[in-house]
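So this block is start20.cif, mmCIF, C-alpha atoms and all ligand atoms:
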```
data_coords
loop_
_atom_site.group_PDB
_atom_site.id
_atom_site.type_symbol
_atom_site.label_atom_id
_atom_site.label_comp_id
_atom_site.auth_asym_id
_atom_site.auth_seq_id
_atom_site.Cartn_x
_atom_site.Cartn_y
_atom_site.Cartn_z
ATOM 1 C CA MET A 9 130.901 68.513 97.925
ATOM 2 C CA ASN A 10 128.245 70.790 99.269
ATOM 3 C CA ASN A 11 125.761 70.098 102.010
ATOM 4 C CA LEU A 12 122.895 69.478 99.627
ATOM 5 C CA ASP A 13 124.748 66.732 97.757
ATOM 6 C CA THR A 14 125.648 65.136 101.074
ATOM 7 C CA ILE A 15 122.025 65.121 102.159
ATOM 8 C CA GLN A 16 120.859 63.656 98.882
ATOM 9 C CA GLU A 17 123.509 60.992 99.144
ATOM 10 C CA ASN A 18 122.602 60.238 102.764
ATOM 11 C CA LEU A 19 118.912 59.997 101.862
ATOM 12 C CA GLN A 20 119.858 57.592 99.114
ATOM 13 C CA ASP A 21 121.911 55.488 101.555
ATOM 14 C CA ALA A 22 119.022 55.528 104.025
ATOM 15 C CA ALA A 23 116.637 54.435 101.267
ATOM 16 C CA TYR A 24 118.896 51.484 100.483
ATOM 17 C CA ALA A 25 119.319 50.668 104.156
ATOM 18 C CA ILE A 26 115.606 50.376 104.928
ATOM 19 C CA THR A 27 114.788 48.374 101.777
ATOM 20 C CA ASP A 28 115.750 44.930 100.496
ATOM 21 C CA ASN A 29 117.065 43.854 97.111
ATOM 22 C CA PHE A 30 114.206 42.420 95.100
ATOM 23 C CA CYS A 31 114.656 40.297 91.991
ATOM 24 C CA TYR A 32 111.795 41.012 89.621
ATOM 25 C CA GLY A 33 112.522 37.972 87.452
ATOM 26 C CA CYS A 34 112.189 35.605 90.403
ATOM 27 C CA TYR A 35 109.786 37.913 92.215
ATOM 28 C CA LYS A 36 111.436 37.621 95.593
ATOM 29 C CA VAL A 37 113.574 39.439 98.132
ATOM 30 C CA VAL A 38 117.230 38.565 97.724
ATOM 31 C CA ASP A 39 120.253 38.676 100.074
ATOM 32 C CA GLY A 40 123.621 39.676 98.680
ATOM 33 C CA ASP A 41 124.714 41.360 95.458
ATOM 34 C CA HIS A 42 123.389 38.762 93.034
ATOM 35 C CA CYS A 43 120.179 36.794 92.957
ATOM 36 C CA PRO A 44 121.130 33.232 94.012
ATOM 37 C CA THR A 45 118.513 31.828 91.608
ATOM 38 C CA CYS A 46 119.065 33.727 88.340
ATOM 39 C CA GLY A 47 122.291 35.646 89.007
ATOM 40 C CA SER A 48 120.750 39.050 88.247
ATOM 41 C CA ASP A 49 121.998 42.164 90.016
ATOM 42 C CA ASP A 50 119.336 44.438 88.533
ATOM 43 C CA PHE A 51 117.311 44.773 91.696
ATOM 44 C CA MET A 52 114.153 46.618 92.550
ATOM 45 C CA ARG A 53 113.812 48.031 96.059
ATOM 46 C CA HIS A 54 111.414 46.271 98.405
ATOM 47 C CA LEU A 55 110.042 48.197 101.356
ATOM 48 C CA SER A 56 108.172 46.013 103.789
ATOM 49 C CA GLY A 57 104.491 46.924 103.980
ATOM 50 C CA VAL A 58 104.808 49.660 101.337
ATOM 51 C CA GLY A 59 105.744 48.151 98.010
ATOM 52 C CA VAL A 60 108.239 47.203 95.335
ATOM 53 C CA GLU A 61 109.573 49.605 92.687
ATOM 54 C CA TYR A 62 112.754 50.387 90.819
ATOM 55 C CA GLY A 63 114.874 53.263 92.083
ATOM 56 C CA THR A 64 115.080 55.010 95.445
ATOM 57 C CA GLU A 65 113.045 58.174 94.710
ATOM 58 C CA TRP A 66 109.798 56.647 95.944
ATOM 59 C CA VAL A 67 111.505 55.308 99.077
ATOM 60 C CA ILE A 68 112.917 58.774 99.838
ATOM 61 C CA ASP A 69 109.454 60.271 99.280
ATOM 62 C CA HIS A 70 108.031 57.730 101.705
ATOM 63 C CA ILE A 71 110.694 58.359 104.367
ATOM 64 C CA ILE A 72 110.296 62.131 104.216
ATOM 65 C CA GLU A 73 106.509 62.089 104.119
ATOM 66 C CA THR A 74 106.103 59.653 106.991
ATOM 67 C CA LYS A 75 108.902 60.796 109.281
ATOM 68 C CA LEU A 76 109.031 64.558 108.846
ATOM 69 C CA GLU A 77 106.695 67.464 109.105
ATOM 70 C CA ALA A 78 106.945 70.128 106.417
ATOM 71 C CA ILE A 79 107.584 73.727 107.414
ATOM 72 C CA ASP A 80 104.564 76.025 107.566
ATOM 73 C CA GLY A 81 105.877 78.697 105.193
ATOM 74 C CA GLU A 82 103.151 81.223 106.009
ATOM 75 C CA GLU A 83 103.773 80.985 109.729
ATOM 76 C CA LEU A 84 107.503 81.402 109.162
ATOM 77 C CA PHE A 85 106.988 84.489 107.010
ATOM 78 C CA GLU A 86 104.536 85.974 109.540
ATOM 79 C CA GLU A 87 107.156 85.595 112.274
ATOM 80 C CA LEU A 88 109.762 87.265 110.072
ATOM 81 C CA LEU A 89 107.505 90.233 109.291
ATOM 82 C CA ASP A 90 106.518 90.653 112.932
ATOM 83 C CA GLU A 91 110.172 90.587 113.999
ATOM 84 C CA CYS A 92 111.311 93.064 111.346
ATOM 85 C CA TYR A 93 108.560 95.668 111.496
ATOM 86 C CA PRO A 94 106.811 97.451 114.335
ATOM 87 C CA GLU A 95 103.156 97.027 115.137
ATOM 88 C CA ILE A 96 100.812 99.489 113.491
ATOM 89 C CA THR A 97 98.492 101.433 115.715
ATOM 90 C CA VAL A 98 95.481 103.247 114.298
ATOM 91 C CA GLY A 99 93.328 104.930 116.897
ATOM 92 C CA CYS A 100 92.543 102.309 119.478
ATOM 93 C CA CYS A 101 93.460 99.388 117.220
ATOM 94 C CA THR A 102 96.855 97.696 116.990
ATOM 95 C CA PHE A 103 97.758 95.424 114.082
ATOM 96 C CA SER A 104 100.712 93.155 113.553
ATOM 97 C CA PRO A 105 102.673 93.753 110.316
ATOM 98 C CA SER A 106 101.923 90.212 109.104
ATOM 99 C CA GLN A 107 98.219 90.718 109.668
ATOM 100 C CA VAL A 108 98.290 93.979 107.705
ATOM 101 C CA MET A 109 100.098 92.526 104.714
ATOM 102 C CA LYS A 110 98.010 89.347 104.682
ATOM 103 C CA GLU A 111 94.743 91.293 104.759
ATOM 104 C CA LEU A 112 95.627 94.146 102.429
ATOM 105 C CA ASP A 113 97.824 92.417 99.894
ATOM 106 C CA PRO A 114 97.405 88.630 99.965
ATOM 107 C CA VAL A 115 99.276 88.253 96.668
ATOM 108 C CA CYS A 116 102.291 90.096 98.046
ATOM 109 C CA PHE A 117 102.072 87.961 101.193
ATOM 110 C CA ARG A 118 102.023 84.758 99.158
ATOM 111 C CA ILE A 119 104.989 85.824 97.027
ATOM 112 C CA GLY A 120 106.910 86.879 100.128
ATOM 113 C CA THR A 121 106.185 83.534 101.777
ATOM 114 C CA GLN A 122 107.625 81.663 98.789
ATOM 115 C CA GLU A 123 110.637 83.960 98.427
ATOM 116 C CA ASN A 124 111.454 83.551 102.092
ATOM 117 C CA LEU A 125 111.361 79.749 101.772
ATOM 118 C CA ASP A 126 113.496 79.870 98.618
ATOM 119 C CA SER A 127 116.135 82.068 100.176
ATOM 120 C CA LEU A 128 116.337 79.886 103.306
ATOM 121 C CA ALA A 129 116.725 76.858 101.047
ATOM 122 C CA GLU A 130 119.484 78.654 99.122
ATOM 123 C CA ASP A 131 121.228 79.437 102.409
ATOM 124 C CA GLY A 132 121.140 75.759 103.234
ATOM 125 C CA GLN A 133 118.796 76.142 106.214
ATOM 126 C CA LEU A 134 115.848 74.444 104.570
ATOM 127 C CA TYR A 135 115.649 71.443 102.294
ATOM 128 C CA GLU A 136 113.108 71.440 99.483
ATOM 129 C CA HIS A 137 111.454 68.185 98.539
ATOM 130 C CA ASN A 138 108.500 67.941 96.125
ATOM 131 C CA GLY A 139 107.524 71.545 96.824
ATOM 132 C CA ASP A 140 107.600 71.185 100.611
ATOM 133 C CA TYR A 141 110.337 72.525 102.864
ATOM 134 C CA TYR A 142 112.004 70.826 105.807
ATOM 135 C CA THR A 143 114.625 72.049 108.253
ATOM 136 C CA LEU A 144 118.077 70.647 107.680
ATOM 137 C CA THR A 145 118.246 69.742 111.341
ATOM 138 C CA ASP A 146 115.126 67.571 111.043
ATOM 139 C CA ILE A 147 116.466 65.869 107.922
ATOM 140 C CA GLU A 148 119.840 65.185 109.496
ATOM 141 C CA GLU A 149 118.299 63.855 112.723
ATOM 142 C CA MET A 150 116.042 61.578 110.728
ATOM 143 C CA ILE A 151 118.977 60.234 108.704
ATOM 144 C CA ASP A 152 120.969 59.667 111.913
ATOM 145 C CA GLY A 153 117.980 57.787 113.326
ATOM 146 C CA ILE A 154 117.780 55.491 110.319
ATOM 147 C CA GLU A 155 121.540 55.044 110.460
ATOM 148 C CA GLU A 156 121.267 53.867 114.072
ATOM 149 C CA GLU A 157 118.361 51.524 113.363
ATOM 150 C CA THR A 158 119.951 49.886 110.360
ATOM 151 C CA ASP A 159 123.641 50.679 110.875
ATOM 152 C CA PHE A 160 124.401 51.470 107.237
HETATM 153 ZN ZN ZN A 201 116.429 36.210 90.328
#
```

As structure tokens, how would this structure be written, given the file I've shared?
Amino acid sequence: MNNLDTIQENLQDAAYAITDNFCYGCYKVVDGDHCPTCGSDDFMRHLSGVGVEYGTEWVIDHIIETKLEAIDGEELFEELLDECYPEITVGCCTFSPSQVMKELDPVCFRIGTQENLDSLAEDGQLYEHNGDYYTLTDIEEMIDGIEEETDF
């Protein structure tokens, strides 16, 4: 099992841990594996103060959006360019490589920003969720935090 599957599984576990079973038929939160009133085990997830829906996707969206800050891809790419290439001096002016690319070829800069994010995600350093990127460290810390709060 690779890292990505583990994270997805852990997010899923966290989503279950912070929500309650909710029986739609009886329209109430339920303890245990079956609804004591109607016997159903086809539960929705109930997240206090947020809502009730089937599935865990929306819970995971909520956790990530409220607890984590997405990576600023442009800033990351600027840092990379400025580390990899020397400053450019013309007469009395000095420009950083990121500044030069951003000003002269914004399309190239935008493509580079995206490619950099994609390759970091492929390397397993970043985690992509709904088009935003998060560091694996942040994700793992967040999951650990939820694990401690709810001991799942
Ligand atoms: Zn029920």

* Given the file shown, determine the residues that the PyMOL selection byres (((chain A and resi 24-30) around 7) and not hetatm) selects; report them as a list in words. => Gln20, Asp21, Ala22, Ala23, Cys31, Tyr32, Tyr35, Lys36, Val37, Val38, Asp39, Phe51, Met52, Arg53, His54, Leu55, Thr158 and Phe160 of chain A

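Against the coordinates shown, the PyMOL selection byres (((chain A and resi 153) around 12) and not hetatm) returns Asn18, Leu19, Ala22, Ala25, Ile26, Ile71, Lys75, Asp146, Ile147, Glu148, Glu149, Met150, Ile151, Asp152, Ile154, Glu155, Glu156, Glu157, Thr158, Asp159 and Phe160 of chain A.
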
* Enumerate residues in contact with ligand ZN 201 (chain A): an atom-to-atom distance of at most 7 Å, counting only C-alpha atoms and all ligand atoms. Format the result as an NGL selection string. => :A and (31-34 or 43-48)

For the interface of segment 14-78 of chain A with segment 136-144 of chain A (cut-off 10 Å, counting only C-alpha atoms), please tabulate each contacting residue of segment 14-78 of chain A alongside its nearest pair of atoms and their separation in Å to one decimal, rows sorted by chain and increasing number, as a Markdown table.
```
| residue | atom | partner | partner_atom | distance |
| --- | --- | --- | --- | --- |
| A:Ile15 | CA | A:Leu144 | CA | 8.8 |
| A:Ile68 | CA | A:His137 | CA | 9.6 |
| A:Asp69 | CA | A:His137 | CA | 8.2 |
| A:Ile72 | CA | A:His137 | CA | 8.4 |
| A:Glu73 | CA | A:His137 | CA | 9.6 |
| A:Leu76 | CA | A:Tyr142 | CA | 7.6 |
| A:Glu77 | CA | A:Tyr142 | CA | 7.1 |
| A:Ala78 | CA | A:Tyr142 | CA | 5.1 |
```

* Asked: For Cys92 of chain A, which residue out of A:Thr74, A:Gln122, A:Ser56, A:Ser106 is the nearest one, using only C-alpha atoms?
  -> A:Ser106

* To do: For the structure shown, which residues end up in the PyMOL selection byres (((chain A and resi 83-87) around 12) and not hetatm)? Put them as a ChimeraX atom specification, please?
  => /A:78-82,88-93,104-110,116-128,134,141-143

* So how far away is atom CA of Tyr135 of chain A from atom CA of Thr14 of chain A, in Å? -> 11.9 Å

Please give the centre and size of the box around segment 11-18 of chain A (axis-aligned, containing every atom listed in the file, 4 Å added per side), with values in Å to one decimal and written as JSON.
```
{"center_x": 123.3, "center_y": 65.2, "center_z": 100.3, "size_x": 12.9, "size_y": 17.9, "size_z": 13.0}
```

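Going from atom CA of Asp50 of chain A over to atom CA of Leu12 of chain A, you cover 27.6 Å.
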
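Of note, atom CA of Asp49 of chain A and atom CA of Glu65 of chain A are spaced 18.9 Å apart.
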